[in-house]
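Asks: So I've got this file, coords_22.tsv, and it contains TSV, C-alpha atoms and all ligand atoms:
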```
chain	number	residue	atom	x	y	z
U	120	MET	CA	133.12	66.65	1.77
U	121	GLY	CA	129.37	65.96	1.95
U	122	THR	CA	127.52	63.35	3.97
U	123	LYS	CA	129.00	59.88	4.05
U	124	ALA	CA	126.46	57.48	2.55
U	125	THR	CA	126.10	53.77	3.32
U	126	MET	CA	129.34	53.35	5.19
U	127	GLY	CA	131.58	54.24	2.26
U	128	LEU	CA	134.44	56.69	2.08
U	129	PHE	CA	132.70	59.11	-0.22
U	130	GLY	CA	129.99	61.75	-0.23
U	131	GLN	CA	126.45	60.73	-1.12
U	132	LEU	CA	126.48	61.39	-4.87
U	133	LEU	CA	129.72	59.59	-5.60
U	134	GLN	CA	128.99	56.82	-3.11
U	135	GLU	CA	125.71	56.07	-4.85
U	136	LYS	CA	127.41	55.76	-8.24
U	137	VAL	CA	130.09	53.55	-6.68
U	138	ASN	CA	127.61	51.31	-4.87
U	139	GLN	CA	125.51	50.92	-7.98
U	140	LEU	CA	128.46	49.59	-10.01
U	141	LYS	CA	129.98	47.56	-7.17
U	142	SER	CA	126.69	45.71	-6.76
U	143	ARG	CA	127.42	44.09	-10.16
U	144	ALA	CA	130.69	42.52	-9.01
U	145	THR	CA	131.03	38.75	-9.02
U	146	PRO	CA	133.13	37.42	-6.13
U	147	ILE	CA	135.77	34.81	-6.94
U	148	THR	CA	137.80	32.30	-4.95
U	149	LEU	CA	141.39	31.51	-5.81
U	150	GLY	CA	142.62	28.62	-3.72
U	151	ARG	CA	141.58	29.51	-0.19
U	152	ILE	CA	141.40	33.25	-0.90
U	153	GLN	CA	138.21	35.11	-1.65
U	154	PHE	CA	138.13	38.29	-3.67
U	155	ARG	CA	135.23	40.65	-4.29
U	156	SER	CA	135.73	40.54	-8.07
U	157	PRO	CA	138.27	39.20	-10.60
U	158	LEU	CA	140.17	42.45	-11.24
U	159	LEU	CA	142.82	43.04	-8.59
U	160	LEU	CA	145.23	45.89	-7.94
U	161	ALA	CA	148.81	44.85	-8.84
U	162	PRO	CA	151.59	45.51	-6.35
U	163	MET	CA	153.46	48.75	-7.00
U	164	SER	CA	156.40	50.03	-5.04
U	165	ALA	CA	155.86	53.36	-3.22
U	166	ILE	CA	152.29	53.40	-4.56
U	167	CYS	CA	150.34	50.49	-3.08
U	168	THR	CA	150.43	51.78	0.47
U	169	ALA	CA	147.47	51.18	2.79
U	170	PRO	CA	145.71	54.47	1.87
U	171	PHE	CA	145.91	53.84	-1.88
U	172	ARG	CA	144.96	50.17	-1.49
U	173	LEU	CA	141.91	51.08	0.56
U	174	LEU	CA	140.91	53.73	-1.95
U	175	MET	CA	141.13	51.18	-4.78
U	176	GLN	CA	139.24	48.63	-2.72
U	177	GLU	CA	136.44	51.11	-2.17
U	178	LEU	CA	136.54	51.90	-5.90
U	179	GLY	CA	135.92	48.29	-6.89
U	180	ALA	CA	139.27	46.48	-6.88
U	181	GLY	CA	138.57	42.83	-6.07
U	182	GLY	CA	141.67	42.61	-3.91
U	183	THR	CA	145.02	44.33	-3.48
U	184	VAL	CA	148.71	43.61	-2.93
U	185	SER	CA	151.16	45.87	-1.10
U	186	GLU	CA	154.32	47.39	-2.49
U	187	LEU	CA	157.34	45.07	-2.30
U	188	ILE	CA	158.78	44.94	1.21
U	189	SER	CA	162.34	43.87	2.01
U	190	CYS	CA	162.61	40.74	4.16
U	191	HIS	CA	165.92	42.00	5.51
U	192	GLY	CA	164.33	45.34	6.43
U	193	ILE	CA	161.73	43.42	8.44
U	194	ASN	CA	164.30	41.17	10.07
U	195	HIS	CA	166.38	44.19	11.08
U	196	GLY	CA	163.28	45.90	12.48
U	197	ASN	CA	163.87	48.91	10.21
U	198	GLN	CA	161.11	51.38	11.11
U	199	ARG	CA	160.32	52.46	7.56
U	200	THR	CA	160.00	48.82	6.51
U	201	MET	CA	157.86	47.93	9.53
U	202	ASP	CA	155.52	50.82	8.66
U	203	MET	CA	154.95	49.22	5.25
U	204	LEU	CA	153.39	46.20	6.95
U	205	LYS	CA	150.58	48.24	8.50
U	206	LEU	CA	147.12	47.60	7.09
U	207	HIS	CA	144.08	49.82	7.34
U	208	PRO	CA	141.45	48.11	9.53
U	209	LYS	CA	138.94	48.24	6.68
U	210	GLU	CA	141.19	46.40	4.19
U	211	GLN	CA	139.99	43.02	2.93
U	212	GLY	CA	141.47	40.61	0.41
U	213	VAL	CA	144.92	42.12	0.82
U	214	GLY	CA	148.35	40.56	0.42
U	215	LEU	CA	151.70	41.76	1.73
U	216	GLN	CA	154.46	41.23	-0.81
U	217	LEU	CA	157.97	40.36	0.38
U	218	PHE	CA	161.20	40.27	-1.56
U	219	GLY	CA	164.48	38.61	-0.77
U	220	GLU	CA	166.76	35.86	-1.96
U	221	ASP	CA	167.36	33.65	1.03
U	222	ALA	CA	164.76	31.14	2.24
U	223	GLN	CA	165.47	31.49	5.97
U	224	SER	CA	165.33	35.28	5.93
U	225	MET	CA	162.16	35.24	3.86
U	226	ALA	CA	160.54	32.70	6.18
U	227	LYS	CA	161.37	34.72	9.28
U	228	ALA	CA	160.06	37.92	7.71
U	229	ALA	CA	156.94	36.18	6.40
U	230	ARG	CA	156.01	35.17	9.92
U	231	VAL	CA	156.32	38.76	11.11
U	232	ALA	CA	154.33	40.02	8.09
U	233	GLN	CA	151.61	37.49	8.79
U	234	GLY	CA	151.23	39.04	12.24
U	235	ALA	CA	150.15	42.31	10.61
U	236	GLY	CA	146.92	40.56	9.54
U	237	PRO	CA	146.98	40.26	5.72
U	238	ASP	CA	144.94	37.60	3.90
U	239	PHE	CA	148.01	36.22	2.15
U	240	ILE	CA	151.76	36.64	1.79
U	241	ASP	CA	153.05	37.14	-1.74
U	242	ILE	CA	156.62	36.59	-2.95
U	243	ASN	CA	158.07	39.00	-5.48
U	244	MET	CA	159.64	36.90	-8.25
U	245	GLY	CA	159.28	39.45	-11.00
U	246	CYS	CA	161.30	42.50	-10.00
U	247	PRO	CA	163.78	43.23	-12.81
U	248	VAL	CA	165.72	45.96	-10.96
U	249	LYS	CA	169.49	45.34	-10.83
U	250	LYS	CA	169.88	46.09	-7.14
U	251	VAL	CA	167.36	43.34	-6.30
U	252	VAL	CA	168.30	40.85	-9.03
U	253	SER	CA	172.07	41.02	-8.44
U	254	LYS	CA	171.52	39.70	-4.90
U	255	GLY	CA	169.36	36.85	-6.22
U	256	GLY	CA	165.92	38.28	-5.39
U	257	GLY	CA	162.97	39.30	-7.60
U	258	SER	CA	163.06	37.78	-11.07
U	259	ALA	CA	166.47	36.16	-10.44
U	260	LEU	CA	164.55	33.54	-8.43
U	261	LEU	CA	163.07	32.32	-11.73
U	262	LYS	CA	166.53	31.01	-12.68
U	263	GLU	CA	166.95	28.98	-9.49
U	264	THR	CA	164.41	26.26	-10.18
U	265	ALA	CA	166.54	23.61	-8.46
U	266	SER	CA	166.23	25.34	-5.11
U	267	LEU	CA	162.74	26.84	-5.54
U	268	GLY	CA	160.92	23.94	-3.90
U	269	HIS	CA	162.99	24.37	-0.76
U	270	PHE	CA	162.56	28.16	-0.95
U	271	PHE	CA	158.76	27.90	-1.04
U	272	SER	CA	158.46	25.16	1.56
U	273	THR	CA	160.72	26.97	4.04
U	274	ILE	CA	158.54	30.07	3.81
U	275	LYS	CA	155.28	28.18	3.80
U	276	ARG	CA	156.19	26.29	6.95
U	277	GLU	CA	156.07	29.55	8.89
U	278	LEU	CA	152.61	30.53	7.66
U	279	THR	CA	149.04	29.67	8.51
U	280	ILE	CA	147.70	32.05	5.83
U	281	PRO	CA	148.11	31.31	2.09
U	282	LEU	CA	151.35	31.90	0.22
U	283	THR	CA	151.19	33.30	-3.33
U	284	ILE	CA	153.79	34.33	-5.91
U	285	LYS	CA	154.11	36.98	-8.60
U	286	ILE	CA	156.39	36.08	-11.48
U	287	ARG	CA	157.33	37.05	-15.02
U	288	THR	CA	157.18	34.71	-18.02
U	289	GLY	CA	160.86	33.89	-17.52
U	290	TRP	CA	164.31	35.43	-17.40
U	291	ASP	CA	164.60	36.04	-21.13
U	292	ALA	CA	163.05	34.91	-24.43
U	293	ASP	CA	165.15	31.70	-24.39
U	294	HIS	CA	164.18	30.83	-20.83
U	295	ARG	CA	160.44	31.28	-20.50
U	296	ASN	CA	159.95	28.75	-17.72
U	297	ALA	CA	156.80	29.99	-15.99
U	298	HIS	CA	155.20	26.54	-16.39
U	299	GLU	CA	158.02	24.92	-14.45
U	300	VAL	CA	157.88	27.54	-11.70
U	301	ILE	CA	154.13	26.98	-11.42
U	302	ARG	CA	154.60	23.21	-11.22
U	303	ILE	CA	157.05	23.59	-8.32
U	304	ALA	CA	154.80	26.16	-6.63
U	305	LYS	CA	151.85	23.79	-6.87
U	306	GLU	CA	153.86	20.97	-5.27
U	307	GLU	CA	154.76	23.18	-2.34
U	308	GLY	CA	151.20	24.37	-1.72
U	309	VAL	CA	151.36	27.90	-3.16
U	310	GLU	CA	147.83	29.24	-3.59
U	311	PHE	CA	147.93	31.19	-6.83
U	312	VAL	CA	150.37	32.70	-9.29
U	313	ALA	CA	150.16	36.21	-10.69
U	314	ILE	CA	152.17	36.67	-13.87
U	315	HIS	CA	153.35	39.78	-15.70
U	316	GLY	CA	153.45	38.76	-19.36
U	317	ARG	CA	157.01	39.90	-20.02
U	318	THR	CA	160.45	38.41	-19.39
U	319	ARG	CA	162.93	40.04	-17.04
U	320	THR	CA	165.09	41.09	-19.96
U	321	GLN	CA	162.16	42.88	-21.56
U	322	GLN	CA	161.68	44.99	-18.44
U	323	TYR	CA	158.72	47.10	-19.68
U	324	SER	CA	159.50	47.15	-23.40
U	325	GLY	CA	157.32	45.68	-26.10
U	326	GLU	CA	153.96	44.28	-25.16
U	327	ALA	CA	152.85	41.74	-22.58
U	328	ASP	CA	152.44	38.37	-24.32
U	329	TRP	CA	148.79	37.51	-23.76
U	330	THR	CA	148.88	34.48	-26.06
U	331	TYR	CA	151.54	32.99	-23.81
U	332	LEU	CA	149.45	33.81	-20.70
U	333	GLU	CA	146.33	32.29	-22.23
U	334	ASP	CA	148.17	29.04	-23.13
U	335	LEU	CA	149.79	28.90	-19.73
U	336	GLY	CA	146.43	29.44	-18.01
U	337	ALA	CA	144.87	26.58	-19.93
U	338	ARG	CA	147.41	24.09	-18.53
U	339	SER	CA	148.30	25.73	-15.23
U	340	ALA	CA	148.03	23.54	-12.14
U	341	LEU	CA	147.35	26.67	-10.06
U	342	PRO	CA	144.91	29.57	-10.55
U	343	LEU	CA	146.71	32.05	-12.78
U	344	ILE	CA	146.26	35.82	-12.59
U	345	GLY	CA	147.22	37.55	-15.84
U	346	ASN	CA	148.86	40.96	-15.83
U	347	GLY	CA	150.32	43.45	-18.26
U	348	ASP	CA	149.20	46.50	-20.25
U	349	LEU	CA	145.54	46.44	-19.24
U	350	HIS	CA	145.29	50.20	-19.39
U	351	HIS	CA	141.54	50.52	-19.69
U	352	ALA	CA	138.44	48.73	-18.49
U	353	ARG	CA	137.23	47.50	-21.88
U	354	LEU	CA	140.57	45.79	-22.51
U	355	ALA	CA	140.49	44.15	-19.09
U	356	GLN	CA	136.94	42.92	-19.72
U	357	LYS	CA	138.01	41.56	-23.09
U	358	ARG	CA	141.09	39.78	-21.74
U	359	LEU	CA	139.07	38.23	-18.94
U	360	ALA	CA	136.57	36.87	-21.43
U	361	ILE	CA	139.07	35.70	-24.07
U	362	THR	CA	141.77	34.16	-21.89
U	363	GLY	CA	139.47	32.30	-19.51
U	364	LEU	CA	141.85	33.22	-16.68
U	365	PRO	CA	140.09	33.44	-13.32
U	366	ALA	CA	141.47	36.88	-12.47
U	367	LEU	CA	143.63	39.74	-13.75
U	368	MET	CA	145.80	42.33	-12.09
U	369	LEU	CA	145.96	45.99	-13.07
U	370	GLY	CA	148.93	48.16	-12.16
U	371	ARG	CA	149.42	51.35	-14.13
U	372	GLY	CA	145.84	51.53	-15.42
U	373	PRO	CA	144.32	52.56	-12.08
U	374	LEU	CA	146.92	55.29	-11.63
U	375	ARG	CA	145.54	57.37	-14.48
U	376	ASN	CA	142.01	56.04	-14.13
U	377	PRO	CA	141.15	55.13	-10.54
U	378	PHE	CA	137.61	54.29	-11.71
U	379	ILE	CA	138.90	51.52	-14.01
U	380	PHE	CA	137.68	48.73	-11.69
U	381	LEU	CA	134.18	50.20	-11.50
U	382	GLU	CA	134.14	50.85	-15.25
U	383	SER	CA	134.85	47.16	-15.81
U	384	PHE	CA	131.32	46.54	-14.46
U	385	LEU	CA	129.75	48.71	-17.20
U	386	SER	CA	127.81	46.95	-19.92
U	387	PRO	CA	128.73	47.57	-23.58
U	388	GLY	CA	127.43	50.99	-24.63
U	389	GLU	CA	127.06	52.24	-21.06
U	390	VAL	CA	129.00	55.45	-20.44
U	391	SER	CA	131.26	55.98	-17.43
U	392	PRO	CA	129.49	58.25	-14.93
U	393	PHE	CA	132.72	59.66	-13.46
U	394	THR	CA	133.77	63.27	-13.98
U	395	ALA	CA	136.42	65.71	-12.76
U	396	ARG	CA	134.30	66.38	-9.65
U	397	ASP	CA	134.67	62.75	-8.66
U	398	TYR	CA	138.42	62.94	-9.19
U	399	LEU	CA	138.64	65.88	-6.81
U	400	GLU	CA	136.61	64.00	-4.25
U	401	ILE	CA	138.82	60.93	-4.33
U	402	ILE	CA	141.91	63.14	-4.12
U	403	GLU	CA	140.48	64.63	-0.91
U	404	VAL	CA	139.74	61.13	0.43
U	405	LEU	CA	143.23	59.87	-0.43
U	406	PHE	CA	144.72	62.91	1.23
U	407	GLU	CA	142.68	62.27	4.39
U	408	LEU	CA	143.66	58.59	4.45
U	409	MET	CA	147.34	59.45	4.04
U	410	GLN	CA	147.10	61.97	6.86
U	411	GLN	CA	145.38	59.42	9.09
U	412	ALA	CA	148.15	56.95	8.28
U	413	GLY	CA	150.56	59.45	9.78
U	414	ALA	CA	152.33	60.71	6.65
U	415	LYS	CA	154.47	63.78	7.34
U	416	ASP	CA	153.89	66.98	5.35
U	417	ARG	CA	156.90	66.49	3.07
U	418	THR	CA	155.85	62.90	2.23
U	419	LEU	CA	152.29	64.02	1.73
U	420	VAL	CA	153.34	66.65	-0.80
U	421	ILE	CA	155.46	64.16	-2.74
U	422	GLN	CA	152.88	61.37	-2.62
U	423	MET	CA	149.87	63.57	-3.37
U	424	ARG	CA	151.63	65.39	-6.20
U	425	LYS	CA	152.40	62.06	-7.84
U	426	HIS	CA	148.81	60.80	-7.65
U	427	VAL	CA	147.28	64.12	-8.61
U	428	MET	CA	149.54	64.34	-11.66
U	429	TRP	CA	148.44	60.89	-12.84
U	430	PHE	CA	144.80	61.61	-12.06
U	431	ALA	CA	145.01	64.76	-14.18
U	432	ALA	CA	146.14	62.79	-17.26
U	433	GLY	CA	143.66	63.25	-20.08
U	434	PHE	CA	141.90	66.32	-18.70
U	435	PRO	CA	142.19	69.63	-20.58
U	436	GLY	CA	145.22	71.70	-19.52
U	437	ALA	CA	146.80	68.77	-17.66
U	438	SER	CA	150.36	69.42	-18.81
U	439	HIS	CA	150.27	73.09	-17.80
U	440	PHE	CA	148.76	72.09	-14.44
U	441	ARG	CA	151.51	69.50	-13.95
U	442	SER	CA	154.32	72.00	-14.54
U	443	GLU	CA	152.68	74.44	-12.10
U	444	LEU	CA	152.29	71.68	-9.53
U	445	PHE	CA	156.04	71.15	-9.55
U	446	THR	CA	156.63	74.74	-8.48
U	447	LYS	CA	154.67	74.11	-5.25
U	448	ASN	CA	156.61	72.66	-2.38
U	449	ASP	CA	154.29	73.02	0.52
U	450	LEU	CA	151.13	71.16	1.23
U	451	GLU	CA	148.76	74.12	1.34
U	452	GLN	CA	149.84	75.42	-2.06
U	453	THR	CA	149.75	71.95	-3.57
U	454	LEU	CA	146.21	71.39	-2.35
U	455	ALA	CA	145.02	74.86	-3.32
U	456	LEU	CA	146.29	74.49	-6.89
U	457	THR	CA	144.84	70.97	-7.15
U	458	ARG	CA	141.44	72.09	-5.90
U	459	ALA	CA	141.41	75.08	-8.25
U	460	TYR	CA	142.35	72.94	-11.27
U	461	PHE	CA	139.83	70.15	-10.72
U	462	THR	CA	137.07	72.57	-9.64
U	463	GLN	CA	137.24	74.57	-12.89
U	464	LEU	CA	136.96	71.30	-14.84
U	465	GLU	CA	133.52	70.81	-13.27
U	466	GLY	CA	131.72	67.91	-14.93
U	467	ARG	CA	134.36	67.29	-17.63
U	468	VAL	CA	135.33	63.72	-18.49
U	469	LYS	CA	138.85	62.69	-19.41
U	470	GLN	CA	140.30	61.35	-22.64
U	471	ILE	CA	143.50	59.43	-21.95
U	472	ASN	CA	145.90	58.93	-24.84
U	473	TYR	CA	146.65	55.23	-24.44
U	474	ASP	CA	149.27	55.27	-27.20
U	475	GLU	CA	151.54	57.45	-25.09
U	476	ALA	CA	154.09	55.45	-23.05
U	477	PHE	CA	153.25	55.64	-19.37
U	478	MET	CA	155.66	54.62	-16.57
U	479	THR	CA	158.02	52.18	-18.20
U	480	SER	CA	159.86	50.96	-15.15
U	481	GLY	CA	158.91	49.25	-11.92
U	482	HIS	CA	159.63	46.47	-9.46
U	483	GLY	CA	157.81	43.57	-11.07
M	501	LIG	C1	155.96	52.05	-10.55
M	501	LIG	C2	155.81	50.56	-10.53
M	501	LIG	C3	156.16	49.87	-9.39
M	501	LIG	C4	156.02	48.48	-9.35
M	501	LIG	N1	156.31	47.82	-8.20
M	501	LIG	C5	156.10	46.47	-8.12
M	501	LIG	C6	156.28	45.77	-6.89
M	501	LIG	O1	156.60	46.35	-5.86
M	501	LIG	N2	156.06	44.42	-6.91
M	501	LIG	C7	155.68	43.74	-8.04
M	501	LIG	O2	155.50	42.52	-8.00
M	501	LIG	N3	155.47	44.40	-9.19
M	501	LIG	C8	155.66	45.73	-9.24
M	501	LIG	N4	155.41	46.40	-10.41
M	501	LIG	C9	154.89	45.66	-11.57
M	501	LIG	C10	153.38	45.68	-11.62
M	501	LIG	O3	152.80	44.99	-10.55
M	501	LIG	C11	152.88	45.06	-12.94
M	501	LIG	O4	153.32	43.73	-13.00
M	501	LIG	C12	153.39	45.78	-14.18
M	501	LIG	O5	153.30	47.19	-14.01
M	501	LIG	C13	152.59	45.39	-15.43
M	501	LIG	O6	151.22	45.64	-15.23
M	501	LIG	P1	150.46	46.96	-15.81
M	501	LIG	O7	150.78	47.01	-17.27
M	501	LIG	O8	149.02	46.74	-15.48
M	501	LIG	O9	151.06	48.14	-15.10
M	501	LIG	C14	155.55	47.78	-10.47
M	501	LIG	C15	155.21	48.50	-11.63
M	501	LIG	C16	155.34	49.87	-11.66
M	501	LIG	C17	154.95	50.61	-12.91
```
Mind turning the file's structure into structure tokens?
Ligand SMILES: Cc1cc2nc3c(=O)[nH]c(=O)nc-3n(C[C@H](O)[C@H](O)[C@H](O)COP(=O)(O)O)c2cc1C
Replies:
Amino acid sequence: MGTKATMGLFGQLLQEKVNQLKSRATPITLGRIQFRSPLLLAPMSAICTAPFRLLMQELGAGGTVSELISCHGINHGNQRTMDMLKLHPKEQGVGLQLFGEDAQSMAKAARVAQGAGPDFIDINMGCPVKKVVSKGGGSALLKETASLGHFFSTIKRELTIPLTIKIRTGWDADHRNAHEVIRIAKEEGVEFVAIHGRTRTQQYSGEADWTYLEDLGARSALPLIGNGDLHHARLAQKRLAITGLPALMLGRGPLRNPFIFLESFLSPGEVSPFTARDYLEIIEVLFELMQQAGAKDRTLVIQMRKHVMWFAAGFPGASHFRSELFTKNDLEQTLALTRAYFTQLEGRVKQINYDEAFMTSGHG
């Protein structure tokens, strides 16, 4: 994989391109938390594991948040849940996101999660999934404004590191109460609020309401991080400039374009320097990081196949490659096919069709 240059994860050529763009980043501070730049990786279940978070960090994400982690899983000492708390020693500006409905259980789990060494603990208040919402967790918390103050303060009491929340605009179009949730959060000492610009009822349909987010940001008592549909770097740059929000979160965008954070540092007219060769290199790095994290072969195949499929989006022959990938069940074959596909693309650049729907469900 080439010589490692200047302490990065990548070979010299890619590392130089990465360092060049990262040197343009402007650090920000939200409450007591410092981030390397204003574009952060949004939490995504079964995706934002330590290896992927570190990869995104090294590729310019200002900060990251884990996948949602069950407070009950932590309190029961469930091994799979406990594994989700593990950070990579090189991670910085990282939050662990917990979900649950009951203040005491969340507080107990938050204390354990804090012990894993994150920079902040985040509460999932945006998950629209029935299994979570029917128990009162995720976005159902938005409806419980009477008990929210107690919910936040009970959790906060257990923490020495900052507490943050990620919400939606409200439960449905008639109950868009983000401003009220923010007011309560501010009173209880929450550090910042990330907000997906849709209601729970909308799930992932329609478009994120950026006018609402902009208005909310202008009168928010807490730093507000806007999120929703920022599928490419130019759009993220534009939203950052127009809304005046201090930071934004990107979820699905980085899955198809892992260079999106770095591309946000490009000036108008400057062309992205990243090609298929760079994609192959970061696939190899991600694979190595997942192996180091102890992923078993079967998990590696499933995880790698998912990422590789998204990374292939927009390159010539991607759909044929994707169907072939699904016929491979072992690691060696998966890697061999991936290497062959990206190698023959050489220095090609991708053209993503942003009009095509991409991943229209998730936990926030
Ligand atoms: C596959 C997937 C999983 C997600 N998991 C979580 C999660 O665990 N916690 C959370 O707060 N949001 C989760 N979300 C929501 C994202 O963080 C983000 O709010 C949403 O995708 C909108 O942003 P985007 O348009 O940039 O993707 C998930 C989204 C997707 C697509």
Asks: Quick one: which chain U residues come within 6 Å of ligand LIG 501 (chain M), and what is the nearest atom pair for each with the distance in Å to one decimal, counting only C-alpha atoms and all ligand atoms, rows ordered by chain and ascending number, as CSV?
Replies:
```
residue,atom,partner,partner_atom,distance
U:Ala161,CA,M:LIG501,O3,4.3
U:Pro162,CA,M:LIG501,O3,4.4
U:Met163,CA,M:LIG501,N1,3.2
U:Ser164,CA,M:LIG501,O1,3.8
U:Glu186,CA,M:LIG501,O1,4.2
U:Leu187,CA,M:LIG501,O1,3.9
U:Asn243,CA,M:LIG501,O2,5.0
U:Gly245,CA,M:LIG501,O2,5.7
U:Lys285,CA,M:LIG501,O2,5.7
U:His315,CA,M:LIG501,O4,4.8
U:Asn346,CA,M:LIG501,O6,5.3
U:Gly347,CA,M:LIG501,O7,3.7
U:Asp348,CA,M:LIG501,O7,3.4
U:Leu349,CA,M:LIG501,O8,5.1
U:Leu369,CA,M:LIG501,O8,4.0
U:Gly370,CA,M:LIG501,O8,3.6
U:Arg371,CA,M:LIG501,O9,3.7
U:Gly372,CA,M:LIG501,O8,5.7
U:Met478,CA,M:LIG501,C17,5.5
U:Ser480,CA,M:LIG501,C17,5.4
U:Gly481,CA,M:LIG501,C16,3.6
U:His482,CA,M:LIG501,C5,3.8
U:Gly483,CA,M:LIG501,N3,3.1
```
Asks: Write out the residues from the selection above, keeping C-alpha atoms, as a PDB file, in the coordinates of the input.
Replies:
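Printed below is selection.pdb as written:
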```pdb
ATOM      1  CA  ALA U 161     148.810  44.850  -8.840  1.00  0.00           C
ATOM      2  CA  PRO U 162     151.590  45.510  -6.350  1.00  0.00           C
ATOM      3  CA  MET U 163     153.460  48.750  -7.000  1.00  0.00           C
ATOM      4  CA  SER U 164     156.400  50.030  -5.040  1.00  0.00           C
ATOM      5  CA  GLU U 186     154.320  47.390  -2.490  1.00  0.00           C
ATOM      6  CA  LEU U 187     157.340  45.070  -2.300  1.00  0.00           C
ATOM      7  CA  ASN U 243     158.070  39.000  -5.480  1.00  0.00           C
ATOM      8  CA  GLY U 245     159.280  39.450 -11.000  1.00  0.00           C
ATOM      9  CA  LYS U 285     154.110  36.980  -8.600  1.00  0.00           C
ATOM     10  CA  HIS U 315     153.350  39.780 -15.700  1.00  0.00           C
ATOM     11  CA  ASN U 346     148.860  40.960 -15.830  1.00  0.00           C
ATOM     12  CA  GLY U 347     150.320  43.450 -18.260  1.00  0.00           C
ATOM     13  CA  ASP U 348     149.200  46.500 -20.250  1.00  0.00           C
ATOM     14  CA  LEU U 349     145.540  46.440 -19.240  1.00  0.00           C
ATOM     15  CA  LEU U 369     145.960  45.990 -13.070  1.00  0.00           C
ATOM     16  CA  GLY U 370     148.930  48.160 -12.160  1.00  0.00           C
ATOM     17  CA  ARG U 371     149.420  51.350 -14.130  1.00  0.00           C
ATOM     18  CA  GLY U 372     145.840  51.530 -15.420  1.00  0.00           C
ATOM     19  CA  MET U 478     155.660  54.620 -16.570  1.00  0.00           C
ATOM     20  CA  SER U 480     159.860  50.960 -15.150  1.00  0.00           C
ATOM     21  CA  GLY U 481     158.910  49.250 -11.920  1.00  0.00           C
ATOM     22  CA  HIS U 482     159.630  46.470  -9.460  1.00  0.00           C
ATOM     23  CA  GLY U 483     157.810  43.570 -11.070  1.00  0.00           C
TER      24      GLY U 483
END
```
Asks: Quick one: everything within 8 Å of range 247-264 of chain U, counting only C-alpha atoms, minus sequence neighbours fewer than 5 positions away in the same chain. Send it as a ChimeraX atom specification.
Replies: /U:218-220,286-287,289-290,296-297,299-300,319-320,322,481-483
Asks: When you count all atoms listed in the file, which of these residues is closest to Val309 in chain U: U:Leu444, U:Val213, U:Leu354, U:Leu343?
Replies: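 Closest candidate: U:Leu343.
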Asks: Just checking: using all atoms listed in the file, which residue out of U:Glu465, U:Glu382, U:Asp416, U:Glu306 ends up closest to Glu400 in chain U?
Replies: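 Checking each of U:Glu465, U:Glu382, U:Asp416, U:Glu306 against Glu400 in chain U, counting all atoms listed in the file, the winner is U:Glu465.
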Asks: Which of these, U:Pro435, U:Gly130, U:Gly150, U:Pro170, has the shortest distance to Ala414 in chain U once you count all atoms listed in the file?
Replies: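 Nearest candidate to Ala414 in chain U out of U:Pro435, U:Gly130, U:Gly150, U:Pro170: U:Pro170.
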Asks: Taking all atoms of range 428-436 of chain U that the file lists, what box with edges along x, y and z, padded by 3 Å per side, do you get, with centre and edge lengths in Å to one decimal, as lines of an AutoDock Vina configuration file?
Replies:
```
center_x = 145.7
center_y = 66.3
center_z = -16.1
size_x = 13.6
size_y = 16.8
size_z = 14.9
```
Asks: What's the separation between CA of Gln223 in chain U and CA of Ile242 in chain U, in Å to one decimal place?
Replies: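 Interatomic distance, CA of Gln223 in chain U to CA of Ile242 in chain U: 13.6 Å.
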Asks: Restricting the calculation to all atoms listed in the file, which member of U:Arg155, U:Lys275, U:Asp334, U:Lys205 is positioned closest to Gly413 in chain U?
Replies: U:Lys205
Asks: In Å, with one decimal, what is the gap from CA of Ile303 in chain U to CA of Gly363 in chain U?
Replies: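 Between CA of Ile303 in chain U and CA of Gly363 in chain U the gap works out to 22.6 Å.
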Asks: Could you pull the residues within 12 Å of Ala455 in chain U, counting only C-alpha atoms, minus those fewer than 4 positions along the same chain, as a list in words?
Replies: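 Near Ala455 in chain U, the qualifying residues are Leu399, Glu403, Val420, Arg424, Glu443, Leu444, Lys447, Asn448, Asp449, Leu450, Glu451, Ala459, Tyr460, Phe461 and Thr462 of chain U.
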Asks: Considering only C-alpha atoms, return as a PyMOL selection string whatever protein or nucleic-acid residues lie within 10 Å of Leu385 in chain U, sequence-local ones (same chain, fewer than 3 positions apart) excluded.
Replies: chain U and resi 140+143+352-353+356+380-382+388-392
Asks: CA of Phe171 in chain U and CA of Gln134 in chain U, how far apart in Å?
Replies: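 Interatomic distance, CA of Gln134 in chain U to CA of Phe171 in chain U: 17.2 Å.
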Asks: Go through U:His191, U:Ser266, U:Ser142, U:Leu173 and flag the residue nearest Lys209 in chain U, using all atoms listed in the file for the distances.
Replies: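 Among U:His191, U:Ser266, U:Ser142, U:Leu173, it is U:Leu173 that comes nearest to Lys209 in chain U.
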Asks: Can you work out which one of U:Leu133, U:Leu158, U:Glu310, U:Asn472 has the shortest atom-to-atom distance to Leu359 in chain U, counting all atoms listed in the file?
Replies: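 Comparing U:Leu133, U:Leu158, U:Glu310, U:Asn472 against Leu359 in chain U, the winner is U:Leu158.
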Asks: Give me the residues within 9 Å of Met175 in chain U as a ChimeraX atom specification, counting only C-alpha atoms and dropping any in the same chain fewer than 6 places off.
Replies: /U:160,181-183,373,377-378,380
Asks: Need the shell around Ile152 in chain U: protein/DNA/RNA residues with any atom at most 8 Å away, counting all atoms listed in the file. Skip same-chain ones fewer than 5 positions apart. Format as number ranges by chain?
Replies: U: 212, 238-239, 281
